[in-house]
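Trainee: Quick one: the structure is below, questions incoming.
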Amino acid sequence: MADPIYRAPKGTHDVLWPESARRRALVAVFADIVEAAGYTEVVPPMFEHVEVFRRLGDATDVVRKEMYEFEDRGGRHIALRPEQTASIVRSFGEHRPTLPWKAWYAGPNFRYERAQKGRFRQFDQVGIEALGPEDPHLDAEAIATAWRFYESLGLQQVTLLINSLGGPEDRANYIAALHGHFASDLGSLSEESRSTLATNPLRVLDSNRPEDADLIAAAPDMLDHLSADAAAHFDQVQAALTGLEIPFTIQPRLVRGLDYYVRTTFEFTSGAFDAAQNAIGGGGRYDGLAEAMGAPATPGVGFALGVDRTLMACDAEGAFEATSSTVDVFVVDTTGGEAALLITDELRRAGISADRAWDGRSMKSQMRAADRSGAAIAVIVGDDEAESGTASLRDLRGDAGQDTVQRSSITETLLARLK
């Protein structure tokens with residue numbers, strides 16, 4: 001048993017091949033979809049001045065309980081990023097790109113929370129942020145972009161939930177109504193929800209504790225507290241989604257976990273999971289966040305999708321499976337290794353992925369390695385081939401058998417076969 005010091009810290013895990021290749025492929029799929037919609041990649045720092053993330057809301061669990069904070073050697077108060085929207089908006093305020101600014105990102109975030117299946121203290125997300133327009137069609141575009149991504153992975157059990165939190169005044173009025181509702185029967189709430197009510201009444205709606213269920217079910221409806229402008233904005237988002245043929249369910253209890261959201265909020269859930277832990281991504285509008293960070297008042301909308309949760313959904317549905325191969329070709333050389341050295345380099349320079357065995361292993365050992373590699377074809381060089389200036393090409397995955405080609409035509413032949 002390894003010393004605990006030399007094991008991954010609790011809430012983290014090593015991602016080995018082939019899962020690592022699958023994650024990279026997922027990000028590539030995401031990049032293709034969002035870049036086709038005009039989003040450009042931004043790579044923000046993994047840590048920021050803690051004040052950047054304080055803008056998420058001092059009443060949120062992310063800020064109160066989950067941020068990794070520390071003082072660096074220069075005496076600066078730093079936090080590992082718990083999410084990336086705040087970093088992207090900070091970057092906007094710092095660099096002032098031309099509006100509208102459409103950015104995408106991928107990478108790890110860090111939260112000190114209870115580790116469980118599909119929920120880690122270091123976790124990857126992909127996401128987009130669009131700053132500038134207030135247009136409800138931009139909300140619909142963001143939602144549609146995430147929906148098309150899930151479609152491209154082959155997921156068929158994804159449900160879209162949408163809501164509106166209205167403007168800042170609407171939100172404040174609703175919070176006051178919620179507080180009054182729950183405070184009127186405080187003794188019926190769980191101890192945890194009573195504590196939450198004191199700091200963030202919206203979060204009480206997220207409780208899954210049985211003793212809270214009846215009061216939550218009877219709670220005021222956010223949609224009854226929308227201003228005329230906010231209601232019209234939400235109606236246009238719904239009409240746009242309908243026009244895009246993206247199915248959705250209005251969920252008036254959907255509030256999300258961060259205080260910067262206004263107007264449109266949305267969440268994607270997977271029907272392949274237990275209902276209590278089925279969220280795989282979400283987002284919404286945050287029209288006041290840029291201003292809170294000292295930038296000009298600039299509306300924004302975006303989303304973040306959990307990579308771990310999305311891949312779990314893929315596993316449950318048998319979609320977007322991991323690759324079974326590391327290379328296209330495996331070179332087997334029993335003549336000392338120089339032939340393998342030269343051939344693999346030649347193939348790689350031609351764009352063919354290739355590997356080889358090492359340490360002068362036997363033919364049998366090298367063929368086992370070739371099979372484990374998942375390669376489609378083995379290039380075999382033994383004493384006879386070396387003497388005649390040829391190589392044998394053996395089909396490892398089909399029934400094409402084995403044939404012999406001139407050493408000078410190996411690359412050309414393989415390029416034709418691997419098309």
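Simple scheme: letters A, B, ... for chains in structure tokens order, numbers from 1 for residues in each chain, numbers from 1 for ligands in the order shown.
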Can you pull out every residue from region 26-155 of chain A that DSSP, working from the backbone, puts in strand (DSSP E), and format the result as a ChimeraX atom specification?

Mentor: /A:40-41,47-49,69-71,77-80,101-110,122-131

Trainee: Restricting it to C-alpha atoms, dump the selection as a PDB file, in the first residue's frame.

Mentor:
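File written: result.pdb
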ATOM      1  CA  THR A  40     -12.382  32.601 -29.513  1.00  0.00           C
ATOM      2  CA  GLU A  41     -10.333  30.853 -26.841  1.00  0.00           C
ATOM      3  CA  PHE A  47      -5.470  31.787  -9.575  1.00  0.00           C
ATOM      4  CA  GLU A  48      -6.619  35.369  -9.134  1.00  0.00           C
ATOM      5  CA  HIS A  49      -6.726  38.026  -6.434  1.00  0.00           C
ATOM      6  CA  GLU A  69      -7.501  30.818  -0.467  1.00  0.00           C
ATOM      7  CA  PHE A  70      -3.938  31.580   0.587  1.00  0.00           C
ATOM      8  CA  GLU A  71      -1.455  34.380   1.073  1.00  0.00           C
ATOM      9  CA  HIS A  77      -4.422  37.302  -0.904  1.00  0.00           C
ATOM     10  CA  ILE A  78      -4.913  34.750  -3.703  1.00  0.00           C
ATOM     11  CA  ALA A  79      -7.571  32.155  -4.545  1.00  0.00           C
ATOM     12  CA  LEU A  80      -7.509  29.203  -6.908  1.00  0.00           C
ATOM     13  CA  TRP A 101     -16.757  39.745 -27.172  1.00  0.00           C
ATOM     14  CA  LYS A 102     -17.380  36.017 -27.468  1.00  0.00           C
ATOM     15  CA  ALA A 103     -14.908  33.850 -25.553  1.00  0.00           C
ATOM     16  CA  TRP A 104     -14.581  30.151 -24.791  1.00  0.00           C
ATOM     17  CA  TYR A 105     -12.433  28.318 -22.274  1.00  0.00           C
ATOM     18  CA  ALA A 106     -11.524  24.878 -21.005  1.00  0.00           C
ATOM     19  CA  GLY A 107      -9.615  23.801 -17.950  1.00  0.00           C
ATOM     20  CA  PRO A 108      -9.587  22.954 -14.253  1.00  0.00           C
ATOM     21  CA  ASN A 109     -11.302  24.696 -11.346  1.00  0.00           C
ATOM     22  CA  PHE A 110     -10.906  24.091  -7.618  1.00  0.00           C
ATOM     23  CA  GLN A 122     -10.272  19.696  -8.902  1.00  0.00           C
ATOM     24  CA  PHE A 123     -12.685  19.472 -11.825  1.00  0.00           C
ATOM     25  CA  ASP A 124     -12.625  20.425 -15.489  1.00  0.00           C
ATOM     26  CA  GLN A 125     -15.170  22.556 -17.304  1.00  0.00           C
ATOM     27  CA  VAL A 126     -15.694  23.875 -20.802  1.00  0.00           C
ATOM     28  CA  GLY A 127     -17.698  27.022 -21.311  1.00  0.00           C
ATOM     29  CA  ILE A 128     -18.451  30.214 -23.201  1.00  0.00           C
ATOM     30  CA  GLU A 129     -19.041  33.843 -22.240  1.00  0.00           C
ATOM     31  CA  ALA A 130     -20.540  36.517 -24.507  1.00  0.00           C
ATOM     32  CA  LEU A 131     -20.347  40.150 -23.407  1.00  0.00           C
TER      33      LEU A 131
END

Trainee: Report as CSV: every residue of region 221-279 of chain A with an atom at most 12 Å from region 295-300 of chain A, its closest pair of atoms, and their distance in Å to one decimal, counting only C-alpha atoms, with rows sorted by chain and ascending residue number.

Mentor:
residue,atom,partner,partner_atom,distance
A:Tyr260,CA,A:Gly300,CA,10.4
A:Tyr261,CA,A:Gly300,CA,9.7
A:Val262,CA,A:Gly300,CA,9.9
A:Arg263,CA,A:Gly300,CA,10.8
A:Thr264,CA,A:Gly300,CA,10.8

Trainee: Pull N, CA and C atoms from the residues just selected and write them as a short mmCIF file (atom, residue, chain, number, x, y, z; two decimals), in the first residue's frame.

Mentor:
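What follows is the written file result_1.cif:
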data_model
loop_
_atom_site.label_atom_id
_atom_site.label_comp_id
_atom_site.auth_asym_id
_atom_site.auth_seq_id
_atom_site.Cartn_x
_atom_site.Cartn_y
_atom_site.Cartn_z
N TYR A 260 -24.44 36.30 -9.08
CA TYR A 260 -24.40 37.29 -10.15
C TYR A 260 -25.48 37.08 -11.21
N TYR A 261 -26.23 35.99 -11.16
CA TYR A 261 -27.20 35.72 -12.22
C TYR A 261 -28.40 36.65 -12.15
N VAL A 262 -28.84 37.15 -13.31
CA VAL A 262 -30.07 37.90 -13.48
C VAL A 262 -30.73 37.40 -14.77
N ARG A 263 -32.00 37.69 -14.89
CA ARG A 263 -32.77 37.29 -16.07
C ARG A 263 -32.63 35.78 -16.35
N THR A 264 -32.21 35.42 -17.57
CA THR A 264 -32.23 34.02 -17.98
C THR A 264 -31.25 33.18 -17.15
#

Trainee: Can you list, as a ChimeraX atom specification, every protein, DNA or RNA residue that comes within 12 Å of Arg285 (chain A) when you count only C-alpha atoms, leaving out same-chain residues fewer than 3 positions away?

Mentor: /A:85,128-136,138-140,142-143,162-168,230,233-234,237,255-256,258-266,282,288-290,298-303

Trainee: Determine, counting only C-alpha atoms, which protein, DNA and RNA residues have an atom within 7 Å of an atom of region 306-318 of chain A; residues of the same chain fewer than 3 positions away are not included. Present the result as a list in words.

Mentor: Gly118, Asp124, Gln125, Val126, Leu155, Ser270, Ala272, Ile280, Gly281 and Glu321 of chain A

Trainee: Would you pick out the contacts of Ala279 (chain A) at 7 Å or less, using only C-alpha atoms, so that residues sharing its chain but fewer than 4 positions from it are not included, and give the list as a ChimeraX atom specification?

Mentor: /A:267-270

Trainee: So which residues of region 5-223 of chain A fall under alpha helix (DSSP H) by DSSP, listed as a PyMOL selection string?

Mentor: chain A and resi 19-35+50-54+61+85-95+136-153+168-183+191-199+201-204+213-217

Trainee: Near region 332-349 of chain A, within 8 Å and counting only C-alpha atoms, which residues show up once chain neighbours fewer than 4 positions away are dropped, as a PDB file with N, CA and C atoms, in the first residue's frame?

Mentor:
ATOM      1  N   SER A 353       0.837   8.060 -37.067  1.00  0.00           N
ATOM      2  CA  SER A 353       1.276   7.797 -35.699  1.00  0.00           C
ATOM      3  C   SER A 353       1.888   6.401 -35.626  1.00  0.00           C
ATOM      4  N   ALA A 354       3.053   6.309 -34.978  1.00  0.00           N
ATOM      5  CA  ALA A 354       3.790   5.046 -34.970  1.00  0.00           C
ATOM      6  C   ALA A 354       4.568   4.890 -33.676  1.00  0.00           C
ATOM      7  N   ASP A 355       4.686   3.644 -33.230  1.00  0.00           N
ATOM      8  CA  ASP A 355       5.476   3.338 -32.047  1.00  0.00           C
ATOM      9  C   ASP A 355       6.275   2.067 -32.311  1.00  0.00           C
ATOM     10  N   ARG A 356       7.094   1.675 -31.334  1.00  0.00           N
ATOM     11  CA  ARG A 356       7.982   0.528 -31.492  1.00  0.00           C
ATOM     12  C   ARG A 356       8.262  -0.071 -30.131  1.00  0.00           C
ATOM     13  N   ALA A 357       8.912  -1.212 -30.112  1.00  0.00           N
ATOM     14  CA  ALA A 357       9.374  -1.836 -28.870  1.00  0.00           C
ATOM     15  C   ALA A 357      10.826  -1.436 -28.612  1.00  0.00           C
ATOM     16  N   TRP A 358      11.301  -1.750 -27.416  1.00  0.00           N
ATOM     17  CA  TRP A 358      12.644  -1.338 -27.010  1.00  0.00           C
ATOM     18  C   TRP A 358      13.421  -2.495 -26.398  1.00  0.00           C
ATOM     19  N   GLY A 360      15.658  -4.591 -27.484  1.00  0.00           N
ATOM     20  CA  GLY A 360      15.960  -5.821 -28.205  1.00  0.00           C
ATOM     21  C   GLY A 360      15.093  -6.998 -27.833  1.00  0.00           C
ATOM     22  N   ARG A 361      13.807  -6.753 -27.623  1.00  0.00           N
ATOM     23  CA  ARG A 361      12.889  -7.830 -27.238  1.00  0.00           C
ATOM     24  C   ARG A 361      12.733  -8.858 -28.364  1.00  0.00           C
ATOM     25  N   SER A 362      12.239 -10.021 -27.988  1.00  0.00           N
ATOM     26  CA  SER A 362      12.022 -11.084 -28.972  1.00  0.00           C
ATOM     27  C   SER A 362      10.870 -10.727 -29.900  1.00  0.00           C
ATOM     28  N   MET A 363      10.775 -11.434 -31.018  1.00  0.00           N
ATOM     29  CA  MET A 363       9.676 -11.231 -31.958  1.00  0.00           C
ATOM     30  C   MET A 363       8.332 -11.419 -31.253  1.00  0.00           C
ATOM     31  N   GLN A 366       7.581  -8.478 -28.985  1.00  0.00           N
ATOM     32  CA  GLN A 366       7.254  -7.273 -29.738  1.00  0.00           C
ATOM     33  C   GLN A 366       5.871  -7.360 -30.384  1.00  0.00           C
ATOM     34  N   MET A 367       5.479  -8.534 -30.821  1.00  0.00           N
ATOM     35  CA  MET A 367       4.150  -8.686 -31.408  1.00  0.00           C
ATOM     36  C   MET A 367       3.061  -8.516 -30.350  1.00  0.00           C
ATOM     37  N   ALA A 370       2.737  -4.892 -29.979  1.00  0.00           N
ATOM     38  CA  ALA A 370       2.012  -4.346 -31.132  1.00  0.00           C
ATOM     39  C   ALA A 370       0.512  -4.516 -30.957  1.00  0.00           C
ATOM     40  N   ALA A 378       1.161  -3.778 -38.346  1.00  0.00           N
ATOM     41  CA  ALA A 378       2.530  -3.935 -37.867  1.00  0.00           C
ATOM     42  C   ALA A 378       3.480  -3.938 -39.052  1.00  0.00           C
ATOM     43  N   VAL A 379       4.552  -3.170 -38.939  1.00  0.00           N
ATOM     44  CA  VAL A 379       5.649  -3.209 -39.905  1.00  0.00           C
ATOM     45  C   VAL A 379       6.735  -4.079 -39.291  1.00  0.00           C
ATOM     46  N   ILE A 380       7.083  -5.170 -39.939  1.00  0.00           N
ATOM     47  CA  ILE A 380       8.007  -6.148 -39.371  1.00  0.00           C
ATOM     48  C   ILE A 380       9.307  -6.167 -40.173  1.00  0.00           C
ATOM     49  N   VAL A 381      10.412  -5.981 -39.452  1.00  0.00           N
ATOM     50  CA  VAL A 381      11.738  -6.051 -40.073  1.00  0.00           C
ATOM     51  C   VAL A 381      12.564  -7.080 -39.312  1.00  0.00           C
ATOM     52  N   GLY A 382      12.825  -8.216 -39.972  1.00  0.00           N
ATOM     53  CA  GLY A 382      13.708  -9.230 -39.431  1.00  0.00           C
ATOM     54  C   GLY A 382      14.964  -9.330 -40.278  1.00  0.00           C
ATOM     55  N   ASP A 383      15.768 -10.359 -40.027  1.00  0.00           N
ATOM     56  CA  ASP A 383      17.019 -10.499 -40.780  1.00  0.00           C
ATOM     57  C   ASP A 383      16.772 -10.623 -42.274  1.00  0.00           C
ATOM     58  N   ALA A 386      15.744  -7.238 -43.689  1.00  0.00           N
ATOM     59  CA  ALA A 386      16.879  -6.313 -43.700  1.00  0.00           C
ATOM     60  C   ALA A 386      17.818  -6.614 -44.862  1.00  0.00           C
ATOM     61  N   THR A 411       6.080   4.022 -46.424  1.00  0.00           N
ATOM     62  CA  THR A 411       5.240   5.170 -46.080  1.00  0.00           C
ATOM     63  C   THR A 411       4.116   5.364 -47.086  1.00  0.00           C
TER      64      THR A 411
END

Trainee: Mind giving me the straight-line distance from CA of Pro18 (chain A) to CA of Ala350 (chain A) in Å, one decimal?

Mentor: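 One can read the CA of Pro18 (chain A) to CA of Ala350 (chain A) distance as 24.0 Å.
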